[in-house]
Each structure stands twice: as structure tokens, then as C-alpha cells.
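The block underneath contains the structure these notes are about, expressed in C-alpha cells.
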Amino acid sequence: MNFLKNVLYKLTRLKNLVYYQDSCVFEPQVMNSIIQHNRNLVNNNFEIVNKKVMQESHFGYGIPAQLYNGDNFMLNNPINNDITYTDVICYFCNKLKNIRYLELGVSVGKNFFQLMHYMDGIFLMGYDLEEMSPLLKQRLNCEASSVEHWDKRNYLKPTAPSLTTNMKFGNNRIDYISADVYDELGWAKMKDKNFNLILSDASHTPEALLFEYEMMEKYNVFNKNSFVFFWDDLGGEMTNSFLSIINQMKRKYNVKRSDCYVLELSGWIGQQEFKHQIGIIDKS
């Protein structure tokens with residue numbers, strides 16, 4: 001049975017290569033500099049999550065149980081120099097001007113934390129079902145921030161959804177939406193925001209990927225002239241949703257196969273887990 005599954009998987013990957021490339025050449029000096037920068041942040045007495053944060057959350061920030069045991073969280077552990085999807089996002093951001101970054105599914109913020117350190121003088125927005133992790137928020141200047149709430153309605157989030165604006169980290173401005181990804185009012189808060197660097201890492205279902213893209217089109221969330229999109233944890237029906245988005249972008253934005261990738265990359269905890277399939281569309 002496993003042999004048959006493996007054959008079918010390889011055949012599907014081969015068939016899908018008509019839509020995308022499965023490798024990407026990175027300029028070594030640039031990538032090595034990014035890796036060094038990011039590892040200096042997360043390999044030295046780093047804590048992005050702890051037991052108290054998890055206990056006070058609604059849904060454990062979506063962290064799988066196998067990634068922690070009591071107070072031992074693998075997200076806090078040092079990782080090696082294998083390329084992670086965070087490194088790749090940092091690499092592609094060097095191709096963009098006037099970066100405006102949107103992350104769907106911030107969780108405790110390990111990826112967001114690295115990006116807000118790597119980029120300077122930009123606007124970043126996070127979107128997550130949970131409120132911003134207190135360990136991430138304590139690193140921000142919130143003196144001038146303000147919070148807006150709206151009706152909860154019948155969504156998964158148990159408390160009133162919110163938009164927090166005008167937080168600061170150095171020269172970066174940060175806004176944060178805490179709402180269900182299916183809450184259209186959350187998407188309306190991002191109308192005309194003109195994001196050009198976007199990571200989708202929220203509700204890992206094929207339906208959610210298509211709904212996200214539908215909302216981004218409806219509310220003019222992204223810059224139609226220059227953008228780089230990332231999708232975490234593809235595979236199976238998730239990949240089919242990615243291919244559907246490629247086809248839509250082919251028609252509307254002249255996306256070509258040479259603009260699209262599916263790469264096998266390390267994630268949050270580097271070498272401590274299997275690599276993920278990361279989808280990328282680059283129209284920078």
C-alpha cells in the first residue's frame with residue numbers, strides 16, 4: 001500500500017510540474033547572509049512560546065501537540081543552517097520595493113518575529129484566530145496603538161474579533177487582526193491595503209486557500225502589479241487549490257510557469273521535523 005501511495009504521489013508531482021518548478025536557485029552570498037541573520041535571532045536564548053502563553057490561548061496557537069512536552073517547546077530550540085521557508089521569504093523580499101507584508105496565520109509569531117527584524121521601514125500586518133501572543137507583543141512599542149472590535153457573530157473565535165493598529169517595531173509599523181479567517185469583516189479591514197508580500201499559513205484546508213484568495217480579490221488586498229505569495233503546507237487537495245489560484249492568476253495577471261514554485265523546505269523547527277511543501281508565485 002505504501003509503495004502504491006508513493007508511486008501515485010510521484011506521478012501527481014510529475015503531472016503538476018506543468019504548472020510550476022520544483023527547484024529554485026538562490027544566490028549563495030545573499031541566502032547565507034539571511035540564514036546567519038535569522039539564526040542569530042532564534043538560536044540564542046530564544047523563547048517565542050511557553051506554557052503560560054499556551055494556557056491563556058483559545059486554541060493553543062495551532063501548535064501540534066507533538067511539538068512540545070510540558071515546558072519543552074521545540075519552537076524555542078536552535079535549528080541548523082538548512083534553508084527554512086522564513087529564509088526564502090526574506091530572500092524574495094529583496095526583489096520588492098516598498099514592502100507591505102501580510103501574514104495569515106501568525107500563531108505565536110516565530111516567522112513574523114524574524115521578518116520584522118529582517119525588514120526595516122515597512123508595514124506588516126498579522127491575521128490570526130488568536131490574539132497576538134504576549135511574548136511577541138512585549139517586543140513592540142504599543143504606546144500609540146488603538147483597538148477596534150466588531151460583533152463576533154457565528155464564527156470559531158470565542159471572543160470579539162479585533163483590529164489593533166499603529167504598533168511599532170523600530171521603523172516598522174505593525175497592525176494585527178484577531179478574527180476567524182472566514183470572517184469577511186476581517187477581510188474588509190484590509191481593503192485597498194496593497195500588500196505585495198503575503199504568506200498564507202492559517203487554516204490548512206483547500207477550501208480556506210480558495211476563500212482567502214477570493215477575499216483578497218474582492219477587497220483589493222494585494223498589489224496587482226508586483227507581488228510575491230507564499231502558501232505553507234501544500235500537498236493533496238491543498239496543492240489543487242494552489243493550482244486553481246495559479247490558473248486564475250494566469251488569466252488575470254499573466255502568471256507563467258516560470259513564476260511559480262513548489263519547494264520542499266524546513267519550517268518553524270528546522271531539521272527537527274519533515275520538510276514542508278511551500279507554494280510560491282513570484283510576480284515581482
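Note on naming: chains are A, B, ... as they come in the C-alpha cells, residues start from 1 per chain, ligands start from 1 in the order shown.
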Determine which residues of stretch 222-264 of chain A DSSP labels as strand (DSSP E) from the backbone of this structure, then write them out as an NGL selection string.
:A and (227-231 or 260-264)
For the contact check between stretch 96-161 of chain A and stretch 35-50 of chain A, emit one row per residue of stretch 96-161 of chain A within 9 Å, containing the shortest atom pair and the distance in Å rounded to one decimal, counting only C-alpha atoms, chain then rising number order, as CSV.
```
residue,atom,partner,partner_atom,distance
A:Val108,CA,A:Val49,CA,6.5
A:Gly109,CA,A:Ile48,CA,7.2
A:Lys110,CA,A:Ile48,CA,6.4
A:Phe113,CA,A:Ile48,CA,8.7
A:Gln114,CA,A:Asn38,CA,6.3
A:Leu115,CA,A:Asn38,CA,8.7
A:His117,CA,A:Leu41,CA,8.5
A:Tyr118,CA,A:His37,CA,7.6
A:Ser133,CA,A:Val49,CA,8.1
A:Leu135,CA,A:Ile48,CA,6.1
A:Leu136,CA,A:Ile48,CA,7.0
```
Convert the current residue selection to file output with C-alpha atoms, as a tab-separated table (two decimals), in the first residue's frame.
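Output below, filename selection15.tsv:
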```
chain	number	residue	atom	x	y	z
A	108	VAL	CA	2.96	32.61	18.27
A	109	GLY	CA	4.86	34.66	15.71
A	110	LYS	CA	8.16	32.87	15.10
A	113	PHE	CA	9.31	37.89	14.57
A	114	GLN	CA	12.13	37.13	12.13
A	115	LEU	CA	10.60	39.18	9.31
A	117	HIS	CA	13.73	42.09	12.38
A	118	TYR	CA	14.95	41.46	8.84
A	133	SER	CA	0.98	36.28	21.59
A	135	LEU	CA	5.69	37.21	24.07
A	136	LEU	CA	5.56	38.77	20.61
```
Spatial neighbours of A:Met190, max dist 9 Å, only C-alpha atoms, sep filter under 6 positions, as a list in words:
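The filter keeps Met216, Tyr219, Asn220 and Val221 of chain A.
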Kindly save the residues from that selection, with N, CA and C atoms included, as a JSON list (two decimals), in the first residue's frame.
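Printed below is result_15.json as written:
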```json
[["chain", "number", "residue", "atom", "x", "y", "z"],
["A", 216, "MET", "N", -9.14, 38.31, -1.02],
["A", 216, "MET", "CA", -8.08, 39.24, -1.42],
["A", 216, "MET", "C", -8.42, 39.94, -2.73],
["A", 219, "TYR", "N", -11.56, 42.47, -1.96],
["A", 219, "TYR", "CA", -11.27, 43.68, -1.20],
["A", 219, "TYR", "C", -9.96, 44.35, -1.63],
["A", 220, "ASN", "N", -9.47, 43.94, -2.79],
["A", 220, "ASN", "CA", -8.28, 44.60, -3.34],
["A", 220, "ASN", "C", -7.14, 44.64, -2.31],
["A", 221, "VAL", "N", -6.89, 43.48, -1.71],
["A", 221, "VAL", "CA", -5.93, 43.39, -0.60],
["A", 221, "VAL", "C", -4.49, 43.46, -1.07]]
```
Neighbours of A:Asp192 within 12 Å (only C-alpha atoms; same-chain residues fewer than 2 positions away dropped), as a list in words?
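Here the answer would be Arg100, Trp187, Ala188, Lys189, Met190, Asn194, Phe195, Asn196, Met215, Met216, Glu217, Lys218, Tyr219, Asn220, Val221, Phe222, Asn223 and Lys224 of chain A.
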DSSP-assigned helix (DSSP H, G or I) members of stretch 149-251 of chain A, reported as an NGL selection string:
:A and (184-188 or 206-218 or 237-251)
Skip A:Ala202 itself and residues of its chain fewer than 3 positions away, then list as a VMD selection string all residues within 10 Å of it, counting only C-alpha atoms.
chain A and resid 62 103 to 107 127 to 129 180 to 181 199 205 208 to 209 212 231 to 232
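Nearest residue to A:Ser33 among A:Asn81, A:Gln272, A:Asn98, A:Asn171 is A:Asn81, counting only C-alpha atoms.
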For atom CA of A:Met31 and atom CA of A:Leu75, determine how far apart the two atoms are, in Å to one decimal place.
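Calculated distance between atom CA of A:Met31 and atom CA of A:Leu75 is 21.9 Å.
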Got a sec: who's within 9 Å of A:Trp150, counting only C-alpha atoms, leaving out chain neighbours fewer than 2 positions off, as a count of residues only?
8
Atom CA of A:Gln248 to atom CA of A:Ile177: how many Å, to one decimal?
26.7 Å
